[in-house]
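Data from my_file12.cif: mmCIF, C-alpha atoms
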```cif
data_upload
#
loop_
_atom_site.group_PDB
_atom_site.id
_atom_site.type_symbol
_atom_site.label_atom_id
_atom_site.label_comp_id
_atom_site.auth_asym_id
_atom_site.auth_seq_id
_atom_site.Cartn_x
_atom_site.Cartn_y
_atom_site.Cartn_z
ATOM 1 C CA SER F 190 44.087 182.661 -179.980
ATOM 2 C CA SER F 191 41.558 180.945 -177.716
ATOM 3 C CA ASN F 192 40.256 182.433 -174.462
ATOM 4 C CA LYS F 193 38.519 179.278 -173.237
ATOM 5 C CA ASN F 194 41.144 178.732 -170.514
ATOM 6 C CA LEU F 195 41.096 182.348 -169.363
ATOM 7 C CA THR F 196 40.341 182.677 -165.639
ATOM 8 C CA LEU F 197 39.205 185.956 -164.107
ATOM 9 C CA ASN F 198 40.292 186.599 -160.536
ATOM 10 C CA TYR F 199 38.089 189.089 -158.695
ATOM 11 C CA PHE F 200 39.124 191.054 -155.637
ATOM 12 C CA LEU F 201 37.811 193.915 -153.517
ATOM 13 C CA GLN F 202 39.617 196.650 -151.609
ATOM 14 C CA THR F 203 38.447 198.477 -148.486
ATOM 15 C CA GLU F 204 38.826 202.200 -148.050
ATOM 16 C CA TYR F 205 41.656 201.354 -145.617
ATOM 17 C CA GLY F 206 43.675 199.417 -148.211
ATOM 18 C CA GLN F 207 42.889 195.833 -147.191
ATOM 19 C CA ILE F 208 42.391 193.476 -150.141
ATOM 20 C CA TYR F 209 39.845 190.653 -150.209
ATOM 21 C CA ASP F 210 40.010 187.958 -152.884
ATOM 22 C CA CYS F 211 36.750 186.477 -154.178
ATOM 23 C CA ILE F 212 37.157 182.731 -153.623
ATOM 24 C CA ASP F 213 34.860 180.023 -154.965
ATOM 25 C CA PHE F 214 32.383 179.114 -152.203
ATOM 26 C CA TYR F 215 33.408 175.447 -152.261
ATOM 27 C CA LYS F 216 37.149 176.255 -152.130
ATOM 28 C CA GLN F 217 37.080 178.499 -149.059
ATOM 29 C CA PRO F 218 39.548 177.550 -146.277
ATOM 30 C CA ALA F 219 36.741 176.837 -143.788
ATOM 31 C CA PHE F 220 36.023 173.563 -145.568
ATOM 32 C CA ASP F 221 39.522 172.294 -144.736
ATOM 33 C CA HIS F 222 38.132 171.529 -141.270
ATOM 34 C CA PRO F 223 38.059 167.716 -140.886
ATOM 35 C CA LEU F 224 34.435 167.787 -139.661
ATOM 36 C CA LEU F 225 33.313 169.636 -142.794
ATOM 37 C CA LYS F 226 34.839 167.361 -145.430
ATOM 38 C CA ASN F 227 31.489 165.878 -146.470
ATOM 39 C CA HIS F 228 29.308 168.951 -146.049
ATOM 40 C CA ASN F 229 26.198 169.787 -148.065
ATOM 41 C CA PHE F 230 26.393 173.582 -147.708
ATOM 42 C CA HIS F 231 25.720 175.839 -150.694
ATOM 43 C CA PRO F 232 25.937 179.594 -151.444
ATOM 44 C CA GLN F 233 22.150 180.117 -151.349
ATOM 45 C CA MET F 234 21.793 179.112 -147.687
ATOM 46 C CA LYS F 235 19.967 181.564 -145.431
ATOM 47 C CA PRO F 236 19.025 181.539 -141.738
ATOM 48 C CA SER F 237 15.502 180.783 -140.615
ATOM 49 C CA ASN F 238 13.327 183.806 -139.944
ATOM 50 C CA VAL F 239 13.855 185.403 -136.542
ATOM 51 C CA ASN F 240 10.898 187.097 -134.868
ATOM 52 C CA ARG F 241 12.491 190.374 -133.892
ATOM 53 C CA PRO F 242 10.171 193.322 -133.277
ATOM 54 C CA GLU F 243 10.597 196.145 -135.773
ATOM 55 C CA LYS F 244 12.547 199.054 -134.297
ATOM 56 C CA ILE F 245 10.873 202.299 -135.358
ATOM 57 C CA GLU F 246 12.874 205.515 -135.088
ATOM 58 C CA ASN F 247 11.261 208.828 -134.289
ATOM 59 C CA GLU F 248 12.403 212.043 -136.005
ATOM 60 C CA GLU F 249 14.903 212.855 -133.238
ATOM 61 C CA GLU F 250 16.536 209.459 -133.592
ATOM 62 C CA ARG F 251 16.651 209.699 -137.402
ATOM 63 C CA GLU F 252 18.345 213.097 -137.124
ATOM 64 C CA ARG F 253 20.855 211.706 -134.630
ATOM 65 C CA ARG F 254 21.707 208.866 -137.025
ATOM 66 C CA ARG F 255 22.085 211.281 -139.967
ATOM 67 C CA ASN F 256 24.494 213.409 -137.940
ATOM 68 C CA ASP F 257 26.510 210.448 -136.665
ATOM 69 C CA LYS F 258 30.144 211.104 -137.593
ATOM 70 C CA THR F 259 31.240 207.488 -137.482
ATOM 71 C CA LYS F 260 31.757 205.676 -140.766
ATOM 72 C CA SER F 261 30.737 202.308 -142.082
ATOM 73 C CA VAL F 262 33.360 199.826 -143.163
ATOM 74 C CA THR F 263 32.809 199.236 -146.863
ATOM 75 C CA LEU F 264 34.394 197.375 -149.743
ATOM 76 C CA LYS F 265 34.967 199.366 -152.926
ATOM 77 C CA GLY F 266 33.087 198.054 -155.934
ATOM 78 C CA VAL F 267 29.918 196.020 -156.327
ATOM 79 C CA GLY F 268 30.932 192.987 -154.281
ATOM 80 C CA CYS F 269 32.102 189.486 -155.071
ATOM 81 C CA PRO F 270 30.326 187.535 -157.843
ATOM 82 C CA ARG F 271 27.611 185.087 -156.820
ATOM 83 C CA GLY F 272 29.026 181.775 -155.692
ATOM 84 C CA THR F 273 32.186 183.325 -154.250
ATOM 85 C CA VAL F 274 33.147 184.636 -150.805
ATOM 86 C CA PRO F 275 35.559 187.446 -149.821
ATOM 87 C CA ILE F 276 38.718 186.190 -148.086
ATOM 88 C CA ARG F 277 41.214 188.738 -146.762
ATOM 89 C CA ARG F 278 44.514 188.517 -148.618
ATOM 90 C CA THR F 279 47.458 187.638 -146.387
ATOM 91 C CA THR F 280 50.247 190.213 -146.499
ATOM 92 C CA LYS F 281 53.946 189.977 -145.745
ATOM 93 C CA GLU F 282 53.306 191.964 -142.563
ATOM 94 C CA ASP F 283 50.691 189.394 -141.484
ATOM 95 C CA LEU F 284 53.219 186.571 -141.877
ATOM 96 C CA ILE F 285 55.879 188.464 -139.927
ATOM 97 C CA ARG F 286 53.397 189.230 -137.147
ATOM 98 C CA GLN F 287 52.331 185.574 -136.964
ATOM 99 C CA LYS F 288 55.956 184.425 -136.787
ATOM 100 C CA VAL F 289 56.697 186.828 -133.924
ATOM 101 C CA PHE F 290 53.576 185.688 -132.044
ATOM 102 C CA ASN F 291 54.553 182.043 -132.450
ATOM 103 C CA GLN F 292 58.072 182.709 -131.192
ATOM 104 C CA MET F 293 56.733 184.668 -128.231
ATOM 105 C CA PHE F 294 54.324 181.923 -127.197
ATOM 106 C CA ASP F 295 56.889 179.151 -127.716
ATOM 107 C CA SER F 296 59.450 180.857 -125.496
ATOM 108 C CA ASN F 297 57.484 182.820 -122.896
ATOM 109 C CA ILE F 298 54.248 181.000 -122.111
ATOM 110 C CA HIS F 299 54.578 178.291 -119.507
ATOM 111 C CA PRO F 300 52.014 175.918 -117.951
ATOM 112 C CA GLN F 301 51.587 178.022 -114.823
ATOM 113 C CA THR F 302 50.446 181.133 -116.740
ATOM 114 C CA ASP F 303 46.839 181.998 -117.551
ATOM 115 C CA SER F 304 45.071 180.125 -120.345
ATOM 116 C CA GLU F 305 44.973 183.302 -122.467
ATOM 117 C CA PRO F 306 47.943 185.367 -121.240
ATOM 118 C CA GLY F 307 47.927 188.979 -122.379
ATOM 119 C CA LEU F 308 44.193 189.023 -123.238
ATOM 120 C CA HIS F 309 42.009 191.390 -121.179
ATOM 121 C CA TYR F 310 38.365 192.457 -121.296
ATOM 122 C CA ALA F 311 35.830 195.028 -120.070
ATOM 123 C CA GLY F 312 32.129 194.961 -120.911
ATOM 124 C CA GLY F 313 28.719 193.594 -120.025
ATOM 125 C CA ARG F 314 27.353 190.082 -119.908
ATOM 126 C CA VAL F 315 24.098 188.115 -119.712
ATOM 127 C CA ARG F 316 23.494 184.524 -118.665
ATOM 128 C CA PRO F 317 20.341 182.442 -119.321
ATOM 129 C CA GLU F 318 19.451 182.028 -115.656
ATOM 130 C CA TRP F 319 19.229 185.829 -115.345
ATOM 131 C CA ILE F 320 16.582 186.130 -118.072
ATOM 132 C CA LYS F 321 14.883 182.768 -117.380
ATOM 133 C CA LYS F 322 15.424 181.816 -121.047
ATOM 134 C CA ASN F 323 17.915 179.843 -123.101
ATOM 135 C CA ILE F 324 20.090 182.117 -125.242
ATOM 136 C CA GLY F 325 20.189 181.716 -129.013
ATOM 137 C CA GLY F 326 21.857 184.933 -130.141
ATOM 138 C CA ALA F 327 22.973 188.482 -129.357
ATOM 139 C CA ASP F 328 22.644 191.879 -130.992
ATOM 140 C CA ALA F 329 24.176 195.349 -130.607
ATOM 141 C CA HIS F 330 25.148 198.474 -132.501
ATOM 142 C CA PHE F 331 28.860 199.182 -132.009
ATOM 143 C CA ALA F 332 30.760 202.451 -132.355
ATOM 144 C CA LEU F 333 34.541 202.241 -132.060
ATOM 145 C CA TYR F 334 36.247 205.582 -132.269
ATOM 146 C CA GLN F 335 39.822 206.221 -133.311
ATOM 147 C CA THR F 336 42.202 204.235 -131.142
ATOM 148 C CA PRO F 337 45.647 205.646 -130.314
ATOM 149 C CA TYR F 338 48.731 203.792 -131.517
ATOM 150 C CA VAL F 339 48.558 199.988 -131.503
ATOM 151 C CA ASN F 340 51.831 198.196 -132.246
ATOM 152 C CA GLN F 341 52.295 195.027 -134.308
ATOM 153 C CA LEU F 342 52.071 192.733 -131.263
ATOM 154 C CA GLN F 343 48.819 194.204 -129.953
ATOM 155 C CA PHE F 344 45.157 194.500 -130.854
ATOM 156 C CA SER F 345 42.119 196.265 -129.436
ATOM 157 C CA SER F 346 38.604 195.013 -130.228
ATOM 158 C CA GLY F 347 34.942 195.769 -129.745
ATOM 159 C CA LEU F 348 32.875 192.616 -130.027
ATOM 160 C CA ILE F 349 30.053 190.282 -129.153
ATOM 161 C CA LYS F 350 31.065 186.926 -127.712
ATOM 162 C CA VAL F 351 28.654 184.021 -127.287
ATOM 163 C CA SER F 352 29.917 180.956 -125.465
ATOM 164 C CA ASN F 353 29.006 177.669 -123.858
ATOM 165 C CA GLY F 354 31.552 175.501 -122.094
ATOM 166 C CA THR F 355 34.788 175.575 -124.084
ATOM 167 C CA ASP F 356 33.026 176.681 -127.296
ATOM 168 C CA PHE F 357 32.826 180.364 -128.189
ATOM 169 C CA ILE F 358 32.204 182.677 -131.136
ATOM 170 C CA LYS F 359 33.490 186.244 -131.355
ATOM 171 C CA ALA F 360 32.228 188.808 -133.877
ATOM 172 C CA GLY F 361 33.154 192.478 -134.033
ATOM 173 C CA TRP F 362 35.851 194.940 -135.050
ATOM 174 C CA THR F 363 39.574 194.768 -134.301
ATOM 175 C CA VAL F 364 42.111 197.594 -134.500
ATOM 176 C CA GLN F 365 45.608 196.333 -135.264
ATOM 177 C CA HIS F 366 48.940 197.819 -136.265
ATOM 178 C CA CYS F 367 48.534 200.610 -138.843
ATOM 179 C CA ILE F 368 44.741 200.328 -138.982
ATOM 180 C CA HIS F 369 43.185 203.378 -137.326
ATOM 181 C CA SER F 370 39.621 204.072 -138.374
ATOM 182 C CA PHE F 371 36.133 205.078 -137.348
ATOM 183 C CA LYS F 372 33.849 202.077 -137.573
ATOM 184 C CA LYS F 373 30.153 201.517 -137.045
ATOM 185 C CA SER F 374 27.992 198.469 -137.453
ATOM 186 C CA ILE F 375 25.391 196.151 -136.026
ATOM 187 C CA SER F 376 26.721 192.647 -135.501
ATOM 188 C CA ILE F 377 24.739 189.632 -134.382
ATOM 189 C CA SER F 378 25.578 186.012 -133.760
ATOM 190 C CA GLU F 379 22.303 184.184 -134.207
ATOM 191 C CA TYR F 380 21.442 180.553 -133.500
ATOM 192 C CA ASP F 381 19.296 178.796 -136.100
ATOM 193 C CA PRO F 382 17.024 176.447 -134.107
ATOM 194 C CA PHE F 383 16.313 174.303 -137.175
ATOM 195 C CA ASN F 384 19.897 173.155 -137.756
ATOM 196 C CA GLY F 385 22.024 174.567 -134.937
ATOM 197 C CA ASN F 386 24.139 176.821 -137.179
ATOM 198 C CA TRP F 387 25.249 180.199 -135.812
ATOM 199 C CA TRP F 388 24.822 183.086 -138.279
ATOM 200 C CA LEU F 389 26.665 186.395 -138.454
ATOM 201 C CA ASN F 390 24.472 189.243 -139.733
ATOM 202 C CA LEU F 391 25.639 192.787 -140.371
ATOM 203 C CA GLY F 392 23.890 196.084 -141.013
ATOM 204 C CA ASP F 393 20.859 198.072 -139.903
ATOM 205 C CA LYS F 394 17.661 196.081 -139.538
ATOM 206 C CA ASP F 395 16.195 197.176 -142.884
ATOM 207 C CA LYS F 396 19.469 196.432 -144.710
ATOM 208 C CA GLU F 397 20.741 193.467 -142.732
ATOM 209 C CA GLN F 398 23.051 191.105 -144.618
ATOM 210 C CA ASN F 399 23.781 187.463 -143.880
ATOM 211 C CA ILE F 400 27.578 187.322 -143.829
ATOM 212 C CA GLY F 401 27.935 183.618 -143.127
ATOM 213 C CA PHE F 402 27.617 180.972 -140.457
ATOM 214 C CA TRP F 403 29.491 178.629 -138.143
ATOM 215 C CA PRO F 404 28.170 175.068 -138.693
ATOM 216 C CA SER F 405 26.822 173.276 -135.631
ATOM 217 C CA ARG F 406 28.901 170.189 -136.369
ATOM 218 C CA ILE F 407 32.151 171.936 -135.367
ATOM 219 C CA PHE F 408 30.800 172.601 -131.852
ATOM 220 C CA THR F 409 29.964 170.488 -128.839
ATOM 221 C CA ASP F 410 28.257 172.752 -126.274
ATOM 222 C CA LEU F 411 27.380 175.600 -128.675
ATOM 223 C CA ALA F 412 25.621 173.126 -130.944
ATOM 224 C CA TYR F 413 22.575 173.646 -128.687
ATOM 225 C CA ASN F 414 22.592 177.175 -127.242
ATOM 226 C CA ALA F 415 24.761 179.723 -125.407
ATOM 227 C CA ASP F 416 25.166 180.037 -121.655
ATOM 228 C CA ASP F 417 26.977 183.396 -121.718
ATOM 229 C CA VAL F 418 26.921 186.555 -123.871
ATOM 230 C CA PHE F 419 29.491 189.365 -123.670
ATOM 231 C CA TRP F 420 29.447 192.833 -125.268
ATOM 232 C CA GLY F 421 32.436 195.102 -124.873
ATOM 233 C CA GLY F 422 36.142 195.471 -125.465
ATOM 234 C CA GLU F 423 39.128 193.166 -125.541
ATOM 235 C CA LEU F 424 42.780 193.990 -125.875
ATOM 236 C CA PHE F 425 45.880 191.898 -126.268
ATOM 237 C CA THR F 426 49.497 192.713 -125.552
ATOM 238 C CA ILE F 427 52.622 190.825 -124.534
ATOM 239 C CA PRO F 428 52.204 189.798 -120.864
ATOM 240 C CA ASN F 429 53.725 192.191 -118.322
ATOM 241 C CA SER F 430 54.278 194.936 -120.909
ATOM 242 C CA LYS F 431 52.382 198.161 -121.563
ATOM 243 C CA SER F 432 49.128 197.424 -123.363
ATOM 244 C CA SER F 433 47.382 199.184 -126.192
ATOM 245 C CA PRO F 434 44.533 201.508 -125.195
ATOM 246 C CA MET F 435 40.989 200.135 -125.237
ATOM 247 C CA GLY F 436 38.220 201.916 -127.127
ATOM 248 C CA ASN F 437 39.232 205.524 -127.731
ATOM 249 C CA GLY F 438 41.631 205.487 -124.781
ATOM 250 C CA LEU F 439 39.377 207.458 -122.409
ATOM 251 C CA GLN F 440 38.399 206.146 -118.988
ATOM 252 C CA VAL F 441 34.643 205.672 -118.722
ATOM 253 C CA GLU F 442 33.770 208.249 -116.056
ATOM 254 C CA TYR F 443 30.374 209.631 -117.110
ATOM 255 C CA ASP F 444 26.974 208.332 -118.176
ATOM 256 C CA ASP F 445 27.394 209.732 -121.696
ATOM 257 C CA PRO F 446 27.921 207.115 -124.442
ATOM 258 C CA LYS F 447 28.851 209.790 -126.996
ATOM 259 C CA LEU F 448 32.216 210.157 -125.253
ATOM 260 C CA TYR F 449 33.339 206.530 -125.510
ATOM 261 C CA ALA F 450 33.366 203.347 -127.536
ATOM 262 C CA TYR F 451 30.082 201.570 -126.928
ATOM 263 C CA ALA F 452 27.668 198.763 -127.725
ATOM 264 C CA ARG F 453 24.172 200.266 -127.719
ATOM 265 C CA ASN F 454 20.746 198.657 -127.833
ATOM 266 C CA ILE F 455 22.121 195.384 -126.569
ATOM 267 C CA SER F 456 19.686 192.495 -126.764
ATOM 268 C CA VAL F 457 19.615 188.728 -126.848
ATOM 269 C CA VAL F 458 17.610 186.232 -128.864
ATOM 270 C CA ASP F 459 16.173 183.296 -126.961
ATOM 271 C CA ALA F 460 16.193 179.709 -128.203
ATOM 272 C CA ASP F 461 12.728 180.254 -129.732
ATOM 273 C CA SER F 462 14.072 183.110 -131.900
ATOM 274 C CA GLN F 463 12.278 185.789 -129.856
ATOM 275 C CA GLU F 464 14.329 188.935 -129.294
ATOM 276 C CA ILE F 465 14.601 190.226 -125.723
ATOM 277 C CA ILE F 466 15.290 193.952 -125.951
ATOM 278 C CA GLY F 467 17.552 195.682 -123.471
ATOM 279 C CA VAL F 468 17.809 192.814 -120.978
ATOM 280 C CA VAL F 469 17.301 195.500 -118.328
ATOM 281 C CA GLY F 470 18.142 194.316 -114.831
ATOM 282 C CA ALA F 471 19.401 190.993 -116.153
ATOM 283 C CA ASN F 472 22.941 191.942 -117.167
ATOM 284 C CA GLN F 473 26.083 192.968 -115.308
ATOM 285 C CA VAL F 474 29.340 194.718 -116.146
ATOM 286 C CA ILE F 475 32.597 192.778 -115.851
ATOM 287 C CA SER F 476 36.266 193.679 -116.213
ATOM 288 C CA ASP F 477 39.621 192.144 -115.370
ATOM 289 C CA ILE F 478 41.497 195.454 -115.787
ATOM 290 C CA GLY F 479 39.579 197.848 -113.528
ATOM 291 C CA TRP F 480 36.045 199.189 -113.165
ATOM 292 C CA ASP F 481 37.040 202.522 -114.715
ATOM 293 C CA TYR F 482 37.159 200.722 -118.093
ATOM 294 C CA VAL F 483 33.439 199.915 -118.285
ATOM 295 C CA ARG F 484 30.070 201.456 -117.425
ATOM 296 C CA GLN F 485 26.409 200.802 -118.153
ATOM 297 C CA ASN F 486 24.071 203.694 -118.970
ATOM 298 C CA TYR F 487 21.253 204.536 -116.581
ATOM 299 C CA ILE F 488 20.434 208.190 -117.350
ATOM 300 C CA SER F 489 20.746 208.170 -121.149
ATOM 301 C CA VAL F 490 18.354 205.254 -121.768
ATOM 302 C CA SER F 491 16.141 205.952 -124.823
ATOM 303 C CA LYS F 492 14.911 204.198 -127.951
ATOM 304 C CA TYR F 493 18.138 205.202 -129.683
ATOM 305 C CA TRP F 494 20.531 204.089 -126.942
ATOM 306 C CA GLY F 495 18.526 201.369 -125.233
ATOM 307 C CA ARG F 496 20.720 199.599 -122.722
ATOM 308 C CA THR F 497 24.289 200.621 -123.625
ATOM 309 C CA ILE F 498 27.662 199.271 -122.521
ATOM 310 C CA MET F 499 30.457 201.886 -122.625
ATOM 311 C CA PHE F 500 34.043 200.647 -122.532
ATOM 312 C CA GLY F 501 37.608 201.893 -122.910
ATOM 313 C CA GLY F 502 40.634 203.236 -121.122
ATOM 314 C CA PRO F 503 44.310 204.186 -121.430
ATOM 315 C CA ALA F 504 47.306 201.925 -121.957
ATOM 316 C CA ARG F 505 48.586 200.232 -118.806
ATOM 317 C CA VAL F 506 50.750 197.336 -117.660
ATOM 318 C CA PHE F 507 48.306 194.585 -116.651
ATOM 319 C CA GLY F 508 50.529 191.531 -116.157
ATOM 320 C CA ASN F 509 49.076 188.278 -117.508
#
```

Can the structure in the file be given as structure tokens, please?
Amino acid sequence: SSNKNLTLNYFLQTEYGQIYDCIDFYKQPAFDHPLLKNHNFHPQMKPSNVNRPEKIENEEERERRRNDKTKSVTLKGVGCPRGTVPIRRTTKEDLIRQKVFNQMFDSNIHPQTDSEPGLHYAGGRVRPEWIKKNIGGADAHFALYQTPYVNQLQFSSGLIKVSNGTDFIKAGWTVQHCIHSFKKSISISEYDPFNGNWWLNLGDKDKEQNIGFWPSRIFTDLAYNADDVFWGGELFTIPNSKSSPMGNGLQVEYDDPKLYAYARNISVVDADSQEIIGVVGANQVISDIGWDYVRQNYISVSKYWGRTIMFGGPARVFGN
């Protein structure tokens, strides 16, 4: 018999059971976007070099990192073959959850409610006028500790958000129903000044990986730069019902990042690809659910922690 028509389908599985199929780069769902029909993107694309200063750890900081009990999120195996991209496989539970969300929004959300009912936040932010520079990216090292129970109509996230006008990009980690894990990563949304694409990079500086990018042509305001950066937590629950916890569920009472979910060593990249470390004195904490859900470090500032945003708190009823 002939094997010339045999097709091999590759997939990866995380240590938490999620399955990712390896899809041909040119067949990925992102290219269904009407503005990307005639694209010229290819799998070998990389961002332009960014002039970030090298971060050198001393022995104390190396020891702290070795003893860090948080885990990285990894895919089992050697990765997808060249020319393919990992796409999370949709499960029956995903479809049921989406159906319930659609029914909830169709029946319960009316014009007089908030634009994003049920979504709440606590974290830190930076705007270009505070640093006297245009913003072209953001960086942080996140630690999200085990979150108490999150039901199928809720999520709790730790993320970076860059925005301008009605355009925004979010990158980070989300805890959903039946996914309870320790997670640790560096995540950066980075503007490429040569073509306006926004790149997502993951990993420590010496092992940083280019995950992918958002093409400039799908944006209006973000096609140029960002006018707001946010680091912190978000949670979603049905409006006027008890929420999920944020972070590890502890209120942020003390200047000790080890106790809470955090984004440490926050920094921004300006429009000239120069990294601005710490943005000390040029950022503020914000929250729509109470100031006991967020705190900025002042005592524990060091090379390891830098400027750190701590966030989290218990489940509550927040309204819209």

Q: I would like the residues chosen by the PyMOL selection byres ((chain F and resi 451) around 12) on the shown file; could you give them as a PyMOL selection string?
A: chain F and resi 311-313+329-334+346-349+361-362+372-375+420-422+435-437+439+441+444-450+452-455+482-486+494-501

For the residues in the current selection, export C-alpha atoms as a short mmCIF file (atom, residue, chain, number, x, y, z; two decimals), in the frame of the given file.
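So out27.cif came out as:
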```cif
data_model
loop_
_atom_site.label_atom_id
_atom_site.label_comp_id
_atom_site.auth_asym_id
_atom_site.auth_seq_id
_atom_site.Cartn_x
_atom_site.Cartn_y
_atom_site.Cartn_z
CA ALA F 311 35.83 195.03 -120.07
CA GLY F 312 32.13 194.96 -120.91
CA GLY F 313 28.72 193.59 -120.02
CA ALA F 329 24.18 195.35 -130.61
CA HIS F 330 25.15 198.47 -132.50
CA PHE F 331 28.86 199.18 -132.01
CA ALA F 332 30.76 202.45 -132.35
CA LEU F 333 34.54 202.24 -132.06
CA TYR F 334 36.25 205.58 -132.27
CA SER F 346 38.60 195.01 -130.23
CA GLY F 347 34.94 195.77 -129.74
CA LEU F 348 32.88 192.62 -130.03
CA ILE F 349 30.05 190.28 -129.15
CA GLY F 361 33.15 192.48 -134.03
CA TRP F 362 35.85 194.94 -135.05
CA LYS F 372 33.85 202.08 -137.57
CA LYS F 373 30.15 201.52 -137.04
CA SER F 374 27.99 198.47 -137.45
CA ILE F 375 25.39 196.15 -136.03
CA TRP F 420 29.45 192.83 -125.27
CA GLY F 421 32.44 195.10 -124.87
CA GLY F 422 36.14 195.47 -125.46
CA MET F 435 40.99 200.14 -125.24
CA GLY F 436 38.22 201.92 -127.13
CA ASN F 437 39.23 205.52 -127.73
CA LEU F 439 39.38 207.46 -122.41
CA VAL F 441 34.64 205.67 -118.72
CA ASP F 444 26.97 208.33 -118.18
CA ASP F 445 27.39 209.73 -121.70
CA PRO F 446 27.92 207.12 -124.44
CA LYS F 447 28.85 209.79 -127.00
CA LEU F 448 32.22 210.16 -125.25
CA TYR F 449 33.34 206.53 -125.51
CA ALA F 450 33.37 203.35 -127.54
CA ALA F 452 27.67 198.76 -127.72
CA ARG F 453 24.17 200.27 -127.72
CA ASN F 454 20.75 198.66 -127.83
CA ILE F 455 22.12 195.38 -126.57
CA TYR F 482 37.16 200.72 -118.09
CA VAL F 483 33.44 199.92 -118.28
CA ARG F 484 30.07 201.46 -117.42
CA GLN F 485 26.41 200.80 -118.15
CA ASN F 486 24.07 203.69 -118.97
CA TRP F 494 20.53 204.09 -126.94
CA GLY F 495 18.53 201.37 -125.23
CA ARG F 496 20.72 199.60 -122.72
CA THR F 497 24.29 200.62 -123.62
CA ILE F 498 27.66 199.27 -122.52
CA MET F 499 30.46 201.89 -122.62
CA PHE F 500 34.04 200.65 -122.53
CA GLY F 501 37.61 201.89 -122.91
#
```

Q: Could you tell me which residues the PyMOL selection byres ((chain F and resi 216) around 12) grabs in this file, written as a list of chain:residue names?
A: F:Cys211, F:Ile212, F:Asp213, F:Phe214, F:Tyr215, F:Gln217, F:Pro218, F:Ala219, F:Phe220, F:Asp221, F:His222, F:Lys226, F:Phe230, F:His231, F:Pro232, F:Gly272, F:Thr273, F:Val274, F:Pro275, F:Ile276

Q. If the PyMOL selection byres ((chain F and resi 326) around 9) is run on the structure shown, which residues does it catch, given as number ranges by chain?
A. F: 324-325, 327-328, 351, 377-381, 387-388, 414-415, 418, 456-460, 462, 464

Q.
Let me make sure I understand: among F:Ile427, F:Tyr443, F:Gly502, F:Asp356, which one has the smallest atom-to-atom distance to Ser405 of chain F if we use all atoms listed in the file?
A.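 With all atoms listed in the file as the atom set, the closest residue is F:Asp356.
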
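For the set F:Val506, F:Arg277, F:Lys322, F:Ile285, the residue with the smallest atom-to-atom gap to Phe425 of chain F is F:Val506, counting all atoms listed in the file.
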
Q. Which residues come within 8 Å of Tyr310 of chain F, counting only C-alpha atoms, excluding same-chain residues fewer than 2 positions away, as a count of residues only?
A. 10

Q | Atomic separation - atom CA of Phe402 of chain F relative to atom CA of Lys350 of chain F, Å | A | 14.5 Å
